[in-house]
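Down below is the structure, laid out as structure tokens.
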Amino acid sequence: MKLKGFAGMMLVAMAQVMGKPNIVFIMADDLGYRGLSCYGSKEINTPHLDRLAKEGVRCTDFHSNGAVCSPTRAALMTGRYQQRSGVEGVITAVGHREVGMALSERTMAEAMKELGYATALFGKWHLGYQAKFGPVKQGFDEFEGFVSGNVDYHHHIDQNGYFDWWKQGELKDEKGYITDLITEDALGFIERKKEEAFFVVLHHGAPHYPLQDRETPGFRVVRNGEGKRVPQPKVNRNAVYAKMIGIMDEGVGRIVAKLDELKLRENTFIVFCSDNGPAMVLSESGLRGRKGQLFEGGHRVPGIFNWPGKLPKGKVCATPILTMDLMPTFLAMAGTKEAGESTFDGIDVTGILKGAKVKRAPLFWRFRRTVAVRDGDWKLLREPGKGEAKVMLFNLKSDLGEKTDLSEKEPARVKRMLALAEGWEKEVKVAKPVSE
């Protein structure tokens, strides 16, 4: 519920007096673990994100909750496994059905508003196509962007031929390349809210297909789910892909420069990650699997945390962190004790980022009946088969590429981890279906 009048003004004033940090959260789309130069890419240059990593905390064991878009975003927004909100797969664009994450879910944005923050989301939503499921119904004061899985970066038309660019809860076009539009919206919001505590989310489309940089022409046309698809012009895929990430990185640099200009940098917590692994080889580099799979390549992604003077400089964090940890972490940063409550599956990772040694409880992923369990350095995958399920076991400490299956050598460990998976599945089975 949006607070108005005197009560809202008092909360804003209190947020400033109590020194609550501003929070800028940036998520790439389909960016793999090696997709930035600070994570080892030789083809992609990302100086601004590299600087945030060098001057902050770079995570080498950060994971998206899902192997595809919508599930990770549901986990991000609720601080819980996405199965609990019924968003375990992609909310498909076909027909733009009246399906979305239930409004009864308490979102990160709603929680931050309760703490006196001005809230905004610019870019991709993908948790419901209809306006009744949109960001402004889920706690964001401002929204400009697209609600589908991907759009033409110039024409703003999704893969099924629906025009998809929104301002608040209405379709309304704004000419421009979407990565630049997202950056410009964020810059304007920061300028307008500089006297308040603000929480701004940038959900980039890059580097998700269609592969288009600023010079690559738009090609999709409106057909509202009917008619012949328009073929995409041929491009140098790797070159355009690298440029798309570079443009996103350029925008990150502009955000940091704006915070410096407004003298807000030291009171602003910046987080960058990706929603799942890559769909292209260029950013895969060494990990097995990719988007849509539960090998490490499908969900191990970059994770950068930066807050000058509050977080270590130049630290590498090797403790597992998931997208669902961000909501309780942001709430803890804002000074509420709610972050430690059992309503979350995620945890406040502030201590971990500062160097605390924490052994995490077992962690779980599930997508299309494949289940992955992470327990310490060990990871088990259970894939469905025609008869018995196929089970694989890896020691990630010695085999990050998941090349050597140790399941036959570790039968007791396999049995125990399968039991963990079965127990978790029974618990999250109580999830409500996606609301219709």
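Residue names in the structure tokens use chain letters A, B, ... in the order shown, residue numbers from 1 in each chain, and ligand numbers from 1 in the order shown.
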
Near region 62-76 of chain A, counting only C-alpha atoms, which residues have an atom at most 8 Å away, once you skip same-chain residues fewer than 4 positions from it, shown as number ranges by chain?
A: 29, 80-83, 85, 87-91, 101, 108, 125-127, 149, 274-277, 291-294, 298-303, 319-327, 365-367

Extract, using only C-alpha atoms, all DNA, RNA and protein residues at most 6 Å from region 265-271 of chain A, discarding same-chain residues fewer than 5 positions from it, and format them as a ChimeraX atom specification.
/A:21-25,259-260,304-308

Kindly save the residues from that selection, with C-alpha atoms included, as a JSON list (two decimals), in the first residue's frame.
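Saved file part-v2.json follows:
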[["chain", "number", "residue", "atom", "x", "y", "z"],
["A", 21, "PRO", "CA", 21.48, 3.54, 2.19],
["A", 22, "ASN", "CA", 20.21, 4.07, -1.30],
["A", 23, "ILE", "CA", 20.14, 0.79, -3.21],
["A", 24, "VAL", "CA", 20.79, 0.33, -6.92],
["A", 25, "PHE", "CA", 20.20, -3.21, -8.19],
["A", 259, "LEU", "CA", 25.88, 9.19, -7.83],
["A", 260, "ASP", "CA", 29.32, 10.80, -7.55],
["A", 304, "ILE", "CA", 29.23, -7.90, -7.69],
["A", 305, "PHE", "CA", 28.53, -5.98, -4.46],
["A", 306, "ASN", "CA", 29.87, -2.47, -3.93],
["A", 307, "TRP", "CA", 29.43, 0.02, -1.09],
["A", 308, "PRO", "CA", 32.41, 2.33, -0.46]]

Tell me which of A:Val235, A:Ile255, A:Ala361, A:Leu115 sits closest to Ile347 (chain A), counting only C-alpha atoms.
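Closest to Ile347 (chain A) of all the choices is A:Ala361.
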
Return as a ChimeraX atom specification the full set of residues in region 133-363 of chain A whose backbone-based DSSP assignment is strand (DSSP E).
/A:142-146,166-167,170-171,198-203,268-274,303-306,315-317,321-322,363

Selected residues, N, CA and C atoms, written as a compact mmCIF listing (two decimals), in the first residue's frame, please.
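Result written to part23.txt:
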# COMPACT_ATOMS: atom_id res chain seq x y z
N GLU A 142 7.37 3.65 -9.66
CA GLU A 142 7.57 3.98 -11.07
C GLU A 142 8.00 2.74 -11.84
N PHE A 143 7.49 2.62 -13.06
CA PHE A 143 7.90 1.54 -13.95
C PHE A 143 7.91 2.04 -15.38
N GLU A 144 8.99 1.78 -16.07
CA GLU A 144 9.03 1.93 -17.51
C GLU A 144 9.84 0.77 -18.05
N GLY A 145 9.27 0.07 -19.03
CA GLY A 145 10.00 -1.06 -19.58
C GLY A 145 9.07 -2.03 -20.28
N PHE A 146 9.46 -3.30 -20.27
CA PHE A 146 8.71 -4.32 -20.99
C PHE A 146 8.40 -5.48 -20.06
N TRP A 166 5.97 -0.11 -21.69
CA TRP A 166 5.00 0.39 -20.73
C TRP A 166 5.55 1.56 -19.94
N LYS A 167 4.67 2.50 -19.63
CA LYS A 167 4.95 3.52 -18.63
C LYS A 167 3.87 3.38 -17.58
N GLU A 170 0.42 1.44 -18.39
CA GLU A 170 -0.16 1.63 -19.72
C GLU A 170 0.89 1.46 -20.81
N LEU A 171 0.45 0.91 -21.94
CA LEU A 171 1.32 0.81 -23.10
C LEU A 171 1.56 2.21 -23.66
N PHE A 198 16.28 5.97 -1.83
CA PHE A 198 15.66 5.38 -3.02
C PHE A 198 16.16 3.95 -3.25
N PHE A 199 15.29 3.17 -3.86
CA PHE A 199 15.56 1.79 -4.25
C PHE A 199 15.20 1.69 -5.73
N VAL A 200 16.22 1.56 -6.58
CA VAL A 200 15.97 1.53 -8.02
C VAL A 200 16.52 0.24 -8.61
N VAL A 201 15.68 -0.42 -9.39
CA VAL A 201 16.01 -1.70 -10.01
C VAL A 201 16.14 -1.51 -11.52
N LEU A 202 17.26 -1.91 -12.07
CA LEU A 202 17.47 -1.88 -13.52
C LEU A 202 17.53 -3.32 -14.01
N HIS A 203 16.49 -3.76 -14.71
CA HIS A 203 16.46 -5.10 -15.27
C HIS A 203 16.72 -4.99 -16.76
N THR A 268 25.40 4.67 -1.09
CA THR A 268 24.64 3.88 -2.07
C THR A 268 25.27 2.50 -2.23
N PHE A 269 24.44 1.50 -2.03
CA PHE A 269 24.81 0.09 -2.16
C PHE A 269 24.43 -0.35 -3.57
N ILE A 270 25.40 -0.83 -4.35
CA ILE A 270 25.17 -1.25 -5.72
C ILE A 270 25.39 -2.76 -5.83
N VAL A 271 24.46 -3.45 -6.47
CA VAL A 271 24.58 -4.89 -6.70
C VAL A 271 24.34 -5.17 -8.17
N PHE A 272 25.17 -6.04 -8.73
CA PHE A 272 25.01 -6.47 -10.12
C PHE A 272 25.04 -7.98 -10.20
N CYS A 273 24.14 -8.56 -11.02
CA CYS A 273 24.15 -10.01 -11.25
C CYS A 273 23.44 -10.30 -12.56
N SER A 274 23.21 -11.59 -12.84
CA SER A 274 22.47 -12.02 -14.02
C SER A 274 21.34 -12.94 -13.59
N GLY A 303 28.38 -11.95 -9.74
CA GLY A 303 27.73 -11.27 -8.62
C GLY A 303 28.68 -10.25 -8.03
N ILE A 304 28.35 -8.99 -8.15
CA ILE A 304 29.23 -7.90 -7.69
C ILE A 304 28.48 -7.05 -6.68
N PHE A 305 29.11 -6.79 -5.53
CA PHE A 305 28.53 -5.98 -4.46
C PHE A 305 29.50 -4.84 -4.17
N ASN A 306 28.99 -3.62 -4.13
CA ASN A 306 29.87 -2.47 -3.93
C ASN A 306 29.19 -1.43 -3.05
N LYS A 315 37.73 -7.59 -2.43
CA LYS A 315 37.55 -8.92 -1.84
C LYS A 315 36.91 -9.87 -2.85
N VAL A 316 37.35 -11.13 -2.82
CA VAL A 316 36.73 -12.19 -3.59
C VAL A 316 35.97 -13.08 -2.61
N CYS A 317 34.67 -13.22 -2.83
CA CYS A 317 33.81 -14.01 -1.95
C CYS A 317 33.53 -15.36 -2.61
N ILE A 321 26.00 -17.67 -2.75
CA ILE A 321 24.96 -16.65 -2.58
C ILE A 321 23.98 -16.82 -3.72
N LEU A 322 22.68 -16.72 -3.43
CA LEU A 322 21.65 -16.88 -4.45
C LEU A 322 20.83 -15.60 -4.58
N LEU A 363 21.24 -26.17 -0.58
CA LEU A 363 20.55 -25.29 -1.51
C LEU A 363 20.00 -26.13 -2.66

Please identify all polymer residues within 12 Å of region 410-418 of chain A, counting only C-alpha atoms, omitting same-chain residues fewer than 2 positions from it, and present them as a PyMOL selection string.
chain A and resi 362-364+371-376+378-383+389-395+405-408+420-425

What gap, in Å, lies between CA of Ala53 (chain A) and CA of Glu250 (chain A)?
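Atom-to-atom, CA of Ala53 (chain A) and CA of Glu250 (chain A) are spaced 14.9 Å apart.
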
Quick one: residues within 10 Å of Asp158 (chain A), only C-alpha atoms counted, chain neighbours fewer than 3 positions away excluded, as a PyMOL selection string?
chain A and resi 93+146-153+155+161-165+210+220-225

Do you have the CA of Thr60 (chain A)-CA of Thr179 (chain A) distance handy?
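According to the coordinates, CA of Thr60 (chain A) and CA of Thr179 (chain A) are separated by 25.9 Å.
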